[in-house]
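Structure file target_27.txt (compact mmCIF, C-alpha atoms) is printed below.
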# COMPACT_ATOMS: atom_id res chain seq x y z
CA MET M 104 96.69 130.14 98.76
CA LEU M 105 94.37 127.17 98.50
CA ASP M 106 90.69 127.37 99.37
CA LEU M 107 90.20 125.42 102.61
CA ARG M 108 86.53 124.79 101.87
CA ARG M 109 87.44 123.32 98.49
CA ILE M 110 89.91 121.00 100.22
CA GLN M 111 87.24 119.91 102.69
CA GLU M 112 84.83 119.10 99.87
CA ASN M 113 87.28 117.55 97.35
CA LYS M 114 90.30 116.36 99.31
CA GLU M 115 91.00 113.25 97.19
CA LYS M 116 90.62 115.07 93.87
CA ILE M 117 92.89 117.95 94.89
CA THR M 118 95.44 115.51 96.29
CA GLU M 119 95.54 113.74 92.92
CA LEU M 120 95.90 117.00 90.98
CA LEU M 121 98.74 118.22 93.19
CA LYS M 122 100.55 114.92 92.64
CA ARG M 123 100.75 115.93 88.98
CA LYS M 124 102.95 118.77 90.20
CA GLY M 125 105.04 116.32 92.18
CA TYR M 126 103.61 117.58 95.47
CA ASP M 127 102.34 115.20 98.17
CA ALA M 128 99.76 117.20 100.09
CA ASP M 129 99.25 116.57 103.81
CA PHE M 130 95.66 117.70 104.04
CA ASP M 131 94.94 115.53 107.10
CA THR M 132 97.11 117.79 109.24
CA VAL M 133 95.59 121.05 108.01
CA LEU M 134 92.03 119.69 108.32
CA SER M 135 92.77 118.41 111.83
CA VAL M 136 94.13 121.79 112.93
CA ASP M 137 91.13 123.51 111.34
CA ALA M 138 88.75 121.20 113.18
CA GLU M 139 90.46 122.09 116.45
CA ARG M 140 90.20 125.78 115.52
CA ARG M 141 86.48 125.48 114.81
CA LYS M 142 85.98 123.62 118.09
CA ALA M 143 87.70 126.45 120.00
CA ILE M 144 85.54 129.03 118.21
CA GLY M 145 82.42 127.01 119.12
CA GLU M 146 83.45 126.96 122.77
CA VAL M 147 84.06 130.71 122.71
CA GLU M 148 80.62 131.34 121.27
CA LYS M 149 79.03 129.06 123.86
CA LEU M 150 80.81 130.80 126.75
CA LYS M 151 79.98 134.24 125.36
CA ALA M 152 76.32 133.26 125.13
CA GLU M 153 76.42 132.10 128.75
CA LYS M 154 78.15 135.31 129.83
CA ASN M 155 75.61 137.45 127.99
CA LYS M 156 72.73 135.55 129.55
CA VAL M 157 74.05 135.93 133.08
CA SER M 158 74.98 139.57 132.48
CA ALA M 159 71.40 140.26 131.44
CA GLU M 160 70.14 138.68 134.69
CA ILE M 161 72.33 140.78 136.99
CA PRO M 162 70.14 143.96 136.94
CA LEU M 163 67.08 141.84 137.82
CA LEU M 164 68.90 140.16 140.71
CA LYS M 165 70.05 143.55 141.99
CA LYS M 166 66.48 144.83 141.82
CA GLN M 167 65.37 141.84 143.85
CA GLY M 168 68.08 142.60 146.41
CA LYS M 169 69.92 139.38 145.83
CA PRO M 170 73.75 139.20 146.17
CA VAL M 171 75.69 139.43 142.90
CA ASP M 172 79.34 139.55 144.06
CA GLY M 173 79.81 135.84 143.41
CA ILE M 174 78.31 136.24 139.96
CA PHE M 175 80.76 139.03 139.12
CA ALA M 176 83.65 136.78 140.19
CA SER M 177 82.40 133.91 138.03
CA MET M 178 81.97 136.33 135.11
CA ARG M 179 85.61 137.38 135.45
CA ASP M 180 86.65 133.73 135.38
CA LEU M 181 84.44 133.19 132.37
CA GLY M 182 86.02 136.22 130.67
CA ASP M 183 89.48 134.79 131.31
CA LYS M 184 88.45 131.44 129.80
CA ILE M 185 87.06 133.22 126.75
CA ALA M 186 90.28 135.20 126.30
CA VAL M 187 92.37 132.00 126.47
CA LEU M 188 90.14 130.22 123.96
CA GLU M 189 90.11 133.23 121.61
CA GLN M 190 93.91 133.29 121.63
CA LYS M 191 93.95 129.53 121.00
CA ALA M 192 91.60 129.97 118.03
CA LYS M 193 93.75 132.81 116.72
CA ASP M 194 96.93 130.71 117.02
CA LEU M 195 95.26 127.76 115.29
CA ASP M 196 93.99 130.04 112.53
CA GLN M 197 97.55 131.24 111.94
CA LYS M 198 98.75 127.62 111.89
CA VAL M 199 96.17 126.75 109.21
CA PHE M 200 97.27 129.83 107.24
CA ASP M 201 100.94 128.85 107.51
CA LEU M 202 100.23 125.27 106.41
CA LEU M 203 98.28 126.45 103.37
CA ALA M 204 100.85 129.16 102.54
CA VAL M 205 103.53 126.66 101.52
CA MET M 206 101.25 124.55 99.33
CA PRO M 207 101.42 125.11 95.55
CA ASN M 208 98.49 126.06 93.37
CA ILE M 209 96.20 123.34 92.04
CA PRO M 210 96.94 122.67 88.35
CA ASP M 211 94.06 122.81 85.90
CA GLU M 212 92.58 119.39 85.24
CA ASP M 213 93.55 119.25 81.56
CA LEU M 214 97.30 119.46 82.33
CA LEU M 215 99.42 116.34 82.08
CA GLY M 216 101.38 115.25 85.12
CA GLY M 217 105.17 115.29 85.24
CA GLU M 218 107.64 117.94 84.17
CA LYS M 219 109.36 119.06 80.94
CA GLU M 220 109.20 115.61 79.41
CA ASN M 221 105.41 115.95 79.21
CA ASN M 222 105.24 119.49 77.84
CA GLN M 223 103.19 119.63 74.62
CA VAL M 224 104.12 121.74 71.59
CA ILE M 225 100.79 123.08 70.37
CA LYS M 226 101.93 125.46 67.63
CA LEU M 227 104.96 126.16 65.42
CA VAL M 228 105.22 129.59 63.80
CA GLY M 229 107.48 130.23 60.80
CA GLU M 230 110.32 128.08 59.58
CA GLN M 231 113.77 127.47 61.00
CA PRO M 232 116.17 129.79 59.17
CA LYS M 233 118.67 128.13 56.82
CA PHE M 234 122.08 129.60 56.07
CA ASP M 235 124.25 129.14 52.97
CA PHE M 236 127.29 130.36 54.91
CA PRO M 237 129.02 129.28 58.14
CA MET M 238 126.59 130.22 60.92
CA GLN M 239 127.91 132.12 63.95
CA ASN M 240 126.56 132.20 67.50
CA HIS M 241 125.22 135.42 69.01
CA VAL M 242 128.14 135.84 71.42
CA ASP M 243 130.69 135.93 68.60
CA ILE M 244 128.50 138.13 66.38
CA CYS M 245 127.79 140.64 69.17
CA THR M 246 131.46 140.76 70.13
CA LYS M 247 132.64 141.34 66.55
CA LEU M 248 129.99 144.02 66.00
CA GLY M 249 130.88 145.66 69.32
CA ILE M 250 127.25 145.79 70.43
CA ILE M 251 127.55 143.70 73.62
CA ASP M 252 130.54 144.01 75.91
CA TYR M 253 130.65 140.80 77.92
CA ALA M 254 134.15 141.25 79.33
CA ARG M 255 133.49 144.69 80.80
CA GLY M 256 130.12 143.56 82.12
CA VAL M 257 131.94 140.89 84.11
CA LYS M 258 134.54 143.47 85.16
CA LEU M 259 131.81 145.69 86.61
CA SER M 260 129.57 143.10 88.24
CA GLY M 261 130.87 139.55 87.78
CA GLY M 262 129.47 136.61 85.83
CA GLY M 263 125.92 136.87 84.49
CA PHE M 264 126.14 140.56 83.52
CA TRP M 265 126.85 142.37 80.25
CA ILE M 266 126.88 145.87 78.77
CA TYR M 267 124.83 147.00 75.77
CA ARG M 268 126.88 149.35 73.59
CA GLY M 269 126.10 151.53 70.58
CA ASP M 270 123.79 149.76 68.18
CA GLY M 271 123.30 147.04 70.79
CA ALA M 272 121.83 149.55 73.22
CA LYS M 273 119.72 151.00 70.39
CA LEU M 274 118.41 147.54 69.45
CA GLU M 275 117.55 146.73 73.07
CA TRP M 276 115.74 150.03 73.50
CA ALA M 277 113.96 149.55 70.18
CA LEU M 278 112.63 146.19 71.36
CA LEU M 279 111.30 147.71 74.57
CA ASN M 280 109.71 150.63 72.72
CA PHE M 281 108.10 148.27 70.22
CA PHE M 282 106.61 146.13 72.98
CA ILE M 283 105.34 149.18 74.85
CA SER M 284 103.76 150.69 71.74
CA GLU M 285 101.92 147.44 70.97
CA HIS M 286 100.49 147.14 74.49
CA LEU M 287 99.36 150.76 74.45
CA LYS M 288 97.54 150.10 71.16
CA ASP M 289 95.71 147.24 72.87
CA GLY M 290 94.48 149.49 75.68
CA TYR M 291 96.69 148.22 78.48
CA GLU M 292 97.65 150.74 81.19
CA PHE M 293 101.38 151.49 81.38
CA ILE M 294 102.85 151.08 84.89
CA LEU M 295 106.35 151.92 86.13
CA PRO M 296 106.47 150.25 89.57
CA PRO M 297 109.11 150.48 92.30
CA HIS M 298 112.00 148.07 91.87
CA GLN M 299 112.28 147.56 95.63
CA LEU M 300 109.39 145.62 97.15
CA GLY M 301 108.28 144.54 100.61
CA TYR M 302 107.97 140.93 101.75
CA ASN M 303 104.18 141.10 101.38
CA CYS M 304 104.57 141.41 97.60
CA GLY M 305 106.64 138.24 97.34
CA PHE M 306 104.13 136.44 99.54
CA GLY M 307 101.10 137.73 97.64
CA ALA M 308 102.58 136.64 94.31
CA GLY M 309 103.18 133.15 95.71
CA GLN M 310 106.98 133.34 95.53
CA PHE M 311 107.50 133.50 99.30
CA PRO M 312 108.21 131.85 101.64
CA LYS M 313 109.44 128.89 99.54
CA PHE M 314 111.55 130.85 97.03
CA SER M 315 112.69 133.72 99.23
CA ASP M 316 116.35 132.76 98.73
CA GLU M 317 116.12 133.34 94.97
CA VAL M 318 115.85 137.14 95.17
CA TYR M 319 118.28 139.91 96.11
CA TRP M 320 117.53 141.19 99.61
CA LEU M 321 118.40 144.79 100.47
CA ASP M 322 118.07 144.84 104.26
CA CYS M 323 119.80 142.82 106.94
CA ASP M 324 117.03 142.32 109.48
CA GLU M 325 116.83 138.66 110.53
CA ASP M 326 113.07 138.85 110.06
CA ARG M 327 112.67 138.96 106.28
CA LYS M 328 109.11 140.18 106.66
CA LYS M 329 110.64 143.54 107.60
CA ASN M 330 113.00 143.61 104.62
CA ARG M 331 112.85 144.77 101.00
CA PHE M 332 114.03 142.90 97.92
CA MET M 333 114.71 143.69 94.25
CA LEU M 334 111.79 142.61 92.10
CA PRO M 335 112.44 139.40 90.12
CA THR M 336 109.65 140.33 87.67
CA ALA M 337 107.12 143.16 87.44
CA GLU M 338 104.40 140.57 88.05
CA THR M 339 105.40 140.60 91.72
CA ALA M 340 104.45 144.26 91.93
CA LEU M 341 101.48 144.32 89.56
CA VAL M 342 99.48 141.49 91.16
CA ASN M 343 99.75 143.22 94.54
CA MET M 344 98.62 146.70 93.48
CA TYR M 345 95.07 146.03 94.70
CA ALA M 346 95.91 143.86 97.72
CA ASN M 347 93.29 144.14 100.48
CA GLU M 348 90.96 146.04 98.15
CA ILE M 349 87.52 145.33 96.70
CA ILE M 350 87.24 146.14 92.99
CA ASP M 351 83.97 147.08 91.31
CA GLU M 352 82.93 144.27 88.99
CA ASN M 353 82.39 146.67 86.08
CA LYS M 354 86.12 147.52 86.15
CA LEU M 355 87.07 143.94 85.27
CA PRO M 356 89.12 142.96 83.42
CA MET M 357 91.85 145.37 84.53
CA LYS M 358 94.80 145.23 82.12
CA PHE M 359 98.30 146.46 82.93
CA PHE M 360 101.81 146.22 81.60
CA ALA M 361 105.09 147.36 83.08
CA TYR M 362 108.67 147.78 81.97
CA THR M 363 111.36 146.95 84.52
CA PRO M 364 114.75 145.35 84.74
CA CYS M 365 114.43 141.99 86.53
CA TYR M 366 116.88 140.89 89.21
CA ARG M 367 117.36 137.18 89.87
CA LYS M 368 119.86 135.06 91.75
CA GLU M 369 119.06 131.95 89.71
CA ALA M 370 121.78 132.68 87.15
CA GLY M 371 125.22 131.18 87.39
CA SER M 372 125.13 128.17 85.09
CA TYR M 373 127.94 127.98 82.56
CA ARG M 374 126.31 125.40 80.31
CA SER M 375 126.73 126.12 76.60
CA GLU M 376 122.99 126.65 76.11
CA GLU M 377 123.06 129.49 78.64
CA ARG M 378 126.06 131.39 77.32
CA GLY M 379 126.04 135.10 76.59
CA MET M 380 122.81 136.75 77.74
CA ILE M 381 120.62 133.63 77.62
CA ARG M 382 120.60 133.60 81.44
CA GLY M 383 121.67 136.52 83.61
CA HIS M 384 121.24 138.15 86.99
CA GLN M 385 119.68 141.27 85.44
CA PHE M 386 117.61 141.56 82.28
CA ASN M 387 114.90 143.76 80.80
CA LYS M 388 111.30 142.68 80.49
CA VAL M 389 107.89 144.06 79.67
CA GLU M 390 105.29 142.22 81.73
CA MET M 391 101.54 141.97 81.21
CA VAL M 392 99.03 141.36 84.02
CA GLN M 393 95.26 141.06 84.08
CA TYR M 394 92.79 141.06 86.96
CA ALA M 395 89.90 139.02 85.54
CA HIS M 396 86.41 137.93 86.51
CA PRO M 397 86.54 134.18 87.26
CA GLU M 398 83.98 133.50 84.52
CA HIS M 399 86.22 135.17 81.92
CA SER M 400 89.57 133.94 83.17
CA GLY M 401 90.03 131.57 80.23
CA GLU M 402 89.38 134.35 77.73
CA ALA M 403 91.98 136.53 79.43
CA PHE M 404 94.54 133.72 79.23
CA THR M 405 93.95 133.25 75.50
CA GLU M 406 94.31 136.98 74.94
CA LEU M 407 97.67 137.10 76.72
CA VAL M 408 99.00 134.10 74.78
CA ASN M 409 97.93 135.68 71.49
CA LYS M 410 99.49 139.03 72.42
CA ALA M 411 102.88 137.50 73.22
CA ALA M 412 102.79 135.37 70.06
CA SER M 413 101.82 138.41 67.97
CA LEU M 414 104.93 140.29 69.12
CA MET M 415 107.11 137.38 68.02
CA GLU M 416 105.35 137.10 64.66
CA LYS M 417 105.74 140.81 63.96
CA LEU M 418 109.46 140.51 64.70
CA GLY M 419 109.59 137.74 62.10
CA LEU M 420 111.13 135.18 64.46
CA HIS M 421 110.65 131.43 64.26
CA PHE M 422 109.16 130.14 67.53
CA ARG M 423 106.80 127.64 69.05
CA ILE M 424 104.13 127.64 71.76
CA SER M 425 104.25 124.90 74.39
CA LYS M 426 101.64 123.88 76.96
CA LEU M 427 103.51 123.04 80.14
CA ALA M 428 102.91 119.89 82.14
CA ALA M 429 101.71 120.46 85.70
CA GLY M 430 105.14 119.86 87.23
CA ASP M 431 106.81 122.40 84.94
CA CYS M 432 104.39 125.18 85.93
CA SER M 433 105.61 127.39 88.73
CA ALA M 434 104.25 126.73 92.21
CA SER M 435 101.75 129.60 92.11
CA MET M 436 100.31 128.90 88.66
CA ALA M 437 97.40 126.68 87.58
CA ARG M 438 98.44 126.64 83.91
CA THR M 439 101.25 128.04 81.76
CA TYR M 440 102.01 128.30 78.05
CA ASP M 441 105.58 129.13 77.05
CA ILE M 442 106.61 131.06 73.95
CA GLU M 443 109.93 129.49 72.92
CA VAL M 444 112.23 131.04 70.31
CA TRP M 445 114.63 129.09 68.09
CA ILE M 446 118.33 129.71 68.79
CA PRO M 447 120.08 128.37 65.64
CA SER M 448 123.60 127.97 67.07
CA MET M 449 122.26 125.86 69.96
CA GLY M 450 119.73 123.92 67.92
CA ILE M 451 117.13 124.37 70.66
CA TYR M 452 114.16 126.51 71.60
CA LYS M 453 114.47 128.84 74.62
CA GLU M 454 111.61 130.36 76.55
CA VAL M 455 111.11 134.10 75.96
CA ALA M 456 107.66 134.40 77.52
CA SER M 457 105.58 132.48 80.03
CA ILE M 458 101.86 133.18 80.08
CA SER M 459 100.18 131.90 83.22
CA ASN M 460 96.87 131.85 85.04
CA ALA M 461 96.99 131.75 88.82
CA ASN M 462 93.18 131.53 89.09
CA ASP M 463 92.36 132.84 92.60
CA TYR M 464 95.59 131.56 94.23
CA GLN M 465 97.38 134.92 94.36
CA ALA M 466 94.20 136.85 95.15
CA ARG M 467 93.62 134.68 98.22
CA ARG M 468 97.15 135.37 99.41
CA ASN M 469 96.90 139.15 99.06
CA ASN M 470 93.13 139.44 99.59
CA THR M 471 92.14 141.01 96.26
CA LYS M 472 88.40 140.78 95.65
CA TYR M 473 85.63 142.17 93.47
CA ARG M 474 82.03 142.93 94.40
CA ASP M 475 79.39 141.07 92.40
CA SER M 476 77.07 143.65 90.85
CA LYS M 477 74.00 141.41 91.19
CA THR M 478 74.40 139.88 94.63
CA GLY M 479 76.61 142.48 96.29
CA LYS M 480 78.80 139.66 97.59
CA VAL M 481 82.59 139.84 97.38
CA GLN M 482 84.64 137.14 95.68
CA PHE M 483 88.29 136.69 94.78
CA VAL M 484 89.46 137.86 91.35
CA HIS M 485 91.63 135.79 89.05
CA THR M 486 95.12 137.08 88.24
CA LEU M 487 97.04 136.29 85.07
CA ASN M 488 100.45 137.33 83.84
CA GLY M 489 102.58 137.02 80.74
CA SER M 490 105.90 138.27 79.44
CA GLY M 491 105.42 140.73 76.67
CA LEU M 492 108.40 140.19 76.22
CA ALA M 493 111.72 139.53 77.96
CA THR M 494 114.53 140.84 75.76
CA SER M 495 117.52 138.80 76.92
CA ARG M 496 116.59 135.87 74.67
CA VAL M 497 114.73 137.77 71.95
CA PHE M 498 117.91 139.80 71.37
CA PRO M 499 120.18 136.75 70.76
CA ALA M 500 117.47 135.17 68.60
CA ILE M 501 117.34 138.25 66.39
CA ILE M 502 121.13 138.33 66.13
CA GLU M 503 121.29 134.67 65.08
CA GLN M 504 118.15 134.31 62.96
CA PHE M 505 118.86 137.54 61.03
CA GLN M 506 122.64 137.19 60.65
CA ASN M 507 124.19 137.74 57.24
CA ALA M 508 127.21 136.25 55.49
CA ASP M 509 129.29 139.41 55.97
CA GLY M 510 128.79 139.31 59.77
CA SER M 511 126.12 142.01 59.79
CA VAL M 512 122.61 141.63 61.22
CA THR M 513 119.39 142.73 59.55
CA VAL M 514 117.15 144.75 61.87
CA PRO M 515 113.54 143.47 61.94
CA GLU M 516 111.33 145.88 60.03
CA VAL M 517 109.07 146.69 62.99
CA LEU M 518 112.08 147.89 65.00
CA ARG M 519 113.49 150.26 62.39
CA PRO M 520 111.27 153.24 63.32
CA PHE M 521 112.68 153.00 66.84
CA MET M 522 116.27 152.94 65.50
CA GLY M 523 116.04 156.03 63.32
CA GLY M 524 115.35 153.98 60.20
CA GLN M 525 118.47 151.81 60.57
CA SER M 526 118.01 148.52 58.73
CA VAL M 527 121.35 146.79 59.29
CA ILE M 528 123.82 146.51 62.17
CA LYS M 529 127.35 146.14 60.86
CA VAL M 530 130.91 146.68 61.92
CA LYS M 531 131.76 150.38 61.98
Show me the file's structure as structure tokens.
Amino acid sequence: MLDLRRIQENKEKITELLKRKGYDADFDTVLSVDAERRKAIGEVEKLKAEKNKVSAEIPLLKKQGKPVDGIFASMRDLGDKIAVLEQKAKDLDQKVFDLLAVMPNIPDEDLLGGEKENNQVIKLVGEQPKFDFPMQNHVDICTKLGIIDYARGVKLSGGGFWIYRGDGAKLEWALLNFFISEHLKDGYEFILPPHQLGYNCGFGAGQFPKFSDEVYWLDCDEDRKKNRFMLPTAETALVNMYANEIIDENKLPMKFFAYTPCYRKEAGSYRSEERGMIRGHQFNKVEMVQYAHPEHSGEAFTELVNKAASLMEKLGLHFRISKLAAGDCSASMARTYDIEVWIPSMGIYKEVASISNANDYQARRNNTKYRDSKTGKVQFVHTLNGSGLATSRVFPAIIEQFQNADGSVTVPEVLRPFMGGQSVIKVK
């Protein structure tokens, strides 16, 4: 949710920044409605002052023996006018809220405009693996090793689903355990949230109402605000845990991570670069979230980027870090860095983690504040999130980057303790 006062003070600047996201903001309408709202509130206050003044005079008039019946009648009329104006102000306030609710977050000023074409690679880690044998893609390797069953995944649930089997299931679980152990070492609190969420969570995270068709809904009520949906990412739950609460400043930053499957309707493409498990309707992810003091928001962002990159480095994977252009950031985010892993068979990098700062955008939507220890005033926190990590692309990257000539796959060293010491996956 955008700050209306900030719009009033910097309309032209914010309009220009939002254009970098490809969004043409109609601030004239929202400011006009707000002006009408403030006018109605002013009239209410004026009428209430008049009513209070006359009400205070009634006892004196009675004491003087003067008639007051006409005054009571006029007070009732005045009360009716106040009620009408209060309802008008309430309706206009809701209209302002609704207009702001569909507007995207303001991108940070250092972001380039445009979309993917203006993303900037800011770091390359490791070298692209070279093979002195015919390279195979992860789908063929996984099928030959019997560790992913694509056909039976489709049989059970249709396109965009797969089954982990045997060593494949062990490798997936090892990845998740490795991620979890690393976050625990860093002092993050482990959360296992519900997988079914209420509409308020999607709204608070900034995903609703615009992207409400991209999730799986569980209920059939025509009013989606009364329905539940399957979480598309643990971020949707984590950033709403303290909705409508005031956090003590000394508790910031608050650092969480969660493991959940993620459920998304966006899958369905059959392009070659999205084959296998590169894009699916359900995948596993460990998600990091921080509630940060606005003055330390940048530090929190850097920490999350470094944490995600550290996981990739410890796995020994070749990857890069990209700073997204404003138009490639999601609607609710002010800035995003992507961790992108190299998929040898495709010759491209695929995103395995997005680290984003929403600034106070999400906190304004779900009313999450902190109390300043010096002034006692309440202000909105900043919320940040980052994948730490999603497995559905890390898994294929491991299979391809660590493939061997005999069709086996070397298990990254950091995962071996979670696989009973197993160092190689091979045909049994």
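Residues surrounding range 392-404 of chain M within 6 Å are Leu355, Pro356, Met357, Lys358, Phe359, Val484, His485, Thr486, Leu487 and Asn488 of chain M [only C-alpha atoms; sequence separation below 6 positions excluded].
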Could you write out that same residue set with C-alpha atoms as a tab-separated table (two decimals), in the frame of the given file?
chain	number	residue	atom	x	y	z
M	355	LEU	CA	87.07	143.94	85.27
M	356	PRO	CA	89.12	142.96	83.42
M	357	MET	CA	91.85	145.37	84.53
M	358	LYS	CA	94.80	145.23	82.12
M	359	PHE	CA	98.30	146.46	82.93
M	484	VAL	CA	89.46	137.86	91.35
M	485	HIS	CA	91.63	135.79	89.05
M	486	THR	CA	95.12	137.08	88.24
M	487	LEU	CA	97.04	136.29	85.07
M	488	ASN	CA	100.45	137.33	83.84
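Across M:Gln299, M:Asp183, M:Gln239, M:Val205, the tightest approach to Lys313 in chain M is made by M:Val205 when counting only C-alpha atoms.
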Nearest to Glu503 in chain M: which of M:Gly430, M:Gly307, M:Gly249, M:Pro237 is it, counting all atoms listed in the file? M:Pro237
Would you kindly identify which residues have an atom no farther than 12 Å from (86.2, 115.5, 103.8), using all atoms listed in the file and the file's own coordinates, and write them out as a PyMOL selection string? chain M and resi 107-118+130-131+133-135+138
Keeping only C-alpha atoms, take the residues you just selected and write them out as a PDB file, in the frame of the given file.
ATOM      1  CA  LEU M 107      90.200 125.420 102.610  1.00  0.00           C
ATOM      2  CA  ARG M 108      86.530 124.790 101.870  1.00  0.00           C
ATOM      3  CA  ARG M 109      87.440 123.320  98.490  1.00  0.00           C
ATOM      4  CA  ILE M 110      89.910 121.000 100.220  1.00  0.00           C
ATOM      5  CA  GLN M 111      87.240 119.910 102.690  1.00  0.00           C
ATOM      6  CA  GLU M 112      84.830 119.100  99.870  1.00  0.00           C
ATOM      7  CA  ASN M 113      87.280 117.550  97.350  1.00  0.00           C
ATOM      8  CA  LYS M 114      90.300 116.360  99.310  1.00  0.00           C
ATOM      9  CA  GLU M 115      91.000 113.250  97.190  1.00  0.00           C
ATOM     10  CA  LYS M 116      90.620 115.070  93.870  1.00  0.00           C
ATOM     11  CA  ILE M 117      92.890 117.950  94.890  1.00  0.00           C
ATOM     12  CA  THR M 118      95.440 115.510  96.290  1.00  0.00           C
ATOM     13  CA  PHE M 130      95.660 117.700 104.040  1.00  0.00           C
ATOM     14  CA  ASP M 131      94.940 115.530 107.100  1.00  0.00           C
ATOM     15  CA  VAL M 133      95.590 121.050 108.010  1.00  0.00           C
ATOM     16  CA  LEU M 134      92.030 119.690 108.320  1.00  0.00           C
ATOM     17  CA  SER M 135      92.770 118.410 111.830  1.00  0.00           C
ATOM     18  CA  ALA M 138      88.750 121.200 113.180  1.00  0.00           C
TER      19      ALA M 138
END
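Computed from the coordinates, the CA of Asp463 in chain M to CA of Lys426 in chain M distance equals 20.3 Å.
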Tell me which protein, DNA and RNA residues are within 12 Å of Asn507 in chain M, counting only C-alpha atoms, leaving out same-chain ones fewer than 3 positions away, and put them as an NGL selection string. :M and (232-240 or 244 or 501-504 or 510-514 or 527-529)
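Proximity to His286 in chain M was assessed for M:Met391, M:Val157, M:Leu518, M:Leu181 counting all atoms listed in the file; the smallest distance is recorded for M:Met391.
Distances from M:Glu338, M:Glu153, M:Glu189, M:Glu275 to Leu300 in chain M were compared using all atoms listed in the file, and the smallest one belongs to M:Glu338.
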Name all residues at most 9 Å from Arg140 in chain M (count all atoms listed in the file; drop same-chain ones fewer than 6 positions away) and give them as an MDAnalysis selection string. chainID M and resid 191:196 199
One decimal, in Å: what's the spacing between CA of Arg123 in chain M and CA of Asp441 in chain M? 18.4 Å
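CA of Phe314 in chain M lies 19.9 Å from CA of Lys198 in chain M.
Around Phe332 in chain M, within 12 Å and counting only C-alpha atoms, the residues found are Pro297, His298, Gln299, Leu300, Gly301, Tyr302, Asn303, Cys304, Gly305, Phe306, Phe311, Ser315, Asp316, Glu317, Val318, Tyr319, Trp320, Leu321, Asp322, Cys323, Asp324, Arg327, Thr339, Ala340, Cys365, Tyr366, Arg367 and Lys368 of chain M, once anything fewer than 5 positions away on its own chain is removed.
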Would you save the residues of that selection, restricted to C-alpha atoms, as a PDB file, in the frame of the given file?
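Writing done, so here's again17.pdb:
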ATOM      1  CA  PRO M 297     109.110 150.480  92.300  1.00  0.00           C
ATOM      2  CA  HIS M 298     112.000 148.070  91.870  1.00  0.00           C
ATOM      3  CA  GLN M 299     112.280 147.560  95.630  1.00  0.00           C
ATOM      4  CA  LEU M 300     109.390 145.620  97.150  1.00  0.00           C
ATOM      5  CA  GLY M 301     108.280 144.540 100.610  1.00  0.00           C
ATOM      6  CA  TYR M 302     107.970 140.930 101.750  1.00  0.00           C
ATOM      7  CA  ASN M 303     104.180 141.100 101.380  1.00  0.00           C
ATOM      8  CA  CYS M 304     104.570 141.410  97.600  1.00  0.00           C
ATOM      9  CA  GLY M 305     106.640 138.240  97.340  1.00  0.00           C
ATOM     10  CA  PHE M 306     104.130 136.440  99.540  1.00  0.00           C
ATOM     11  CA  PHE M 311     107.500 133.500  99.300  1.00  0.00           C
ATOM     12  CA  SER M 315     112.690 133.720  99.230  1.00  0.00           C
ATOM     13  CA  ASP M 316     116.350 132.760  98.730  1.00  0.00           C
ATOM     14  CA  GLU M 317     116.120 133.340  94.970  1.00  0.00           C
ATOM     15  CA  VAL M 318     115.850 137.140  95.170  1.00  0.00           C
ATOM     16  CA  TYR M 319     118.280 139.910  96.110  1.00  0.00           C
ATOM     17  CA  TRP M 320     117.530 141.190  99.610  1.00  0.00           C
ATOM     18  CA  LEU M 321     118.400 144.790 100.470  1.00  0.00           C
ATOM     19  CA  ASP M 322     118.070 144.840 104.260  1.00  0.00           C
ATOM     20  CA  CYS M 323     119.800 142.820 106.940  1.00  0.00           C
ATOM     21  CA  ASP M 324     117.030 142.320 109.480  1.00  0.00           C
ATOM     22  CA  ARG M 327     112.670 138.960 106.280  1.00  0.00           C
ATOM     23  CA  THR M 339     105.400 140.600  91.720  1.00  0.00           C
ATOM     24  CA  ALA M 340     104.450 144.260  91.930  1.00  0.00           C
ATOM     25  CA  CYS M 365     114.430 141.990  86.530  1.00  0.00           C
ATOM     26  CA  TYR M 366     116.880 140.890  89.210  1.00  0.00           C
ATOM     27  CA  ARG M 367     117.360 137.180  89.870  1.00  0.00           C
ATOM     28  CA  LYS M 368     119.860 135.060  91.750  1.00  0.00           C
TER      29      LYS M 368
END
Answer as a ChimeraX atom specification, residues within 10 Å of (122.5, 138.1, 71.4) using only C-alpha atoms: /M:240-246,250-251,271,378-381,446,494-503
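Nearest residue to Ile174 in chain M among M:Val187, M:Arg255, M:Ser158, M:Glu390 is M:Ser158, counting only C-alpha atoms.
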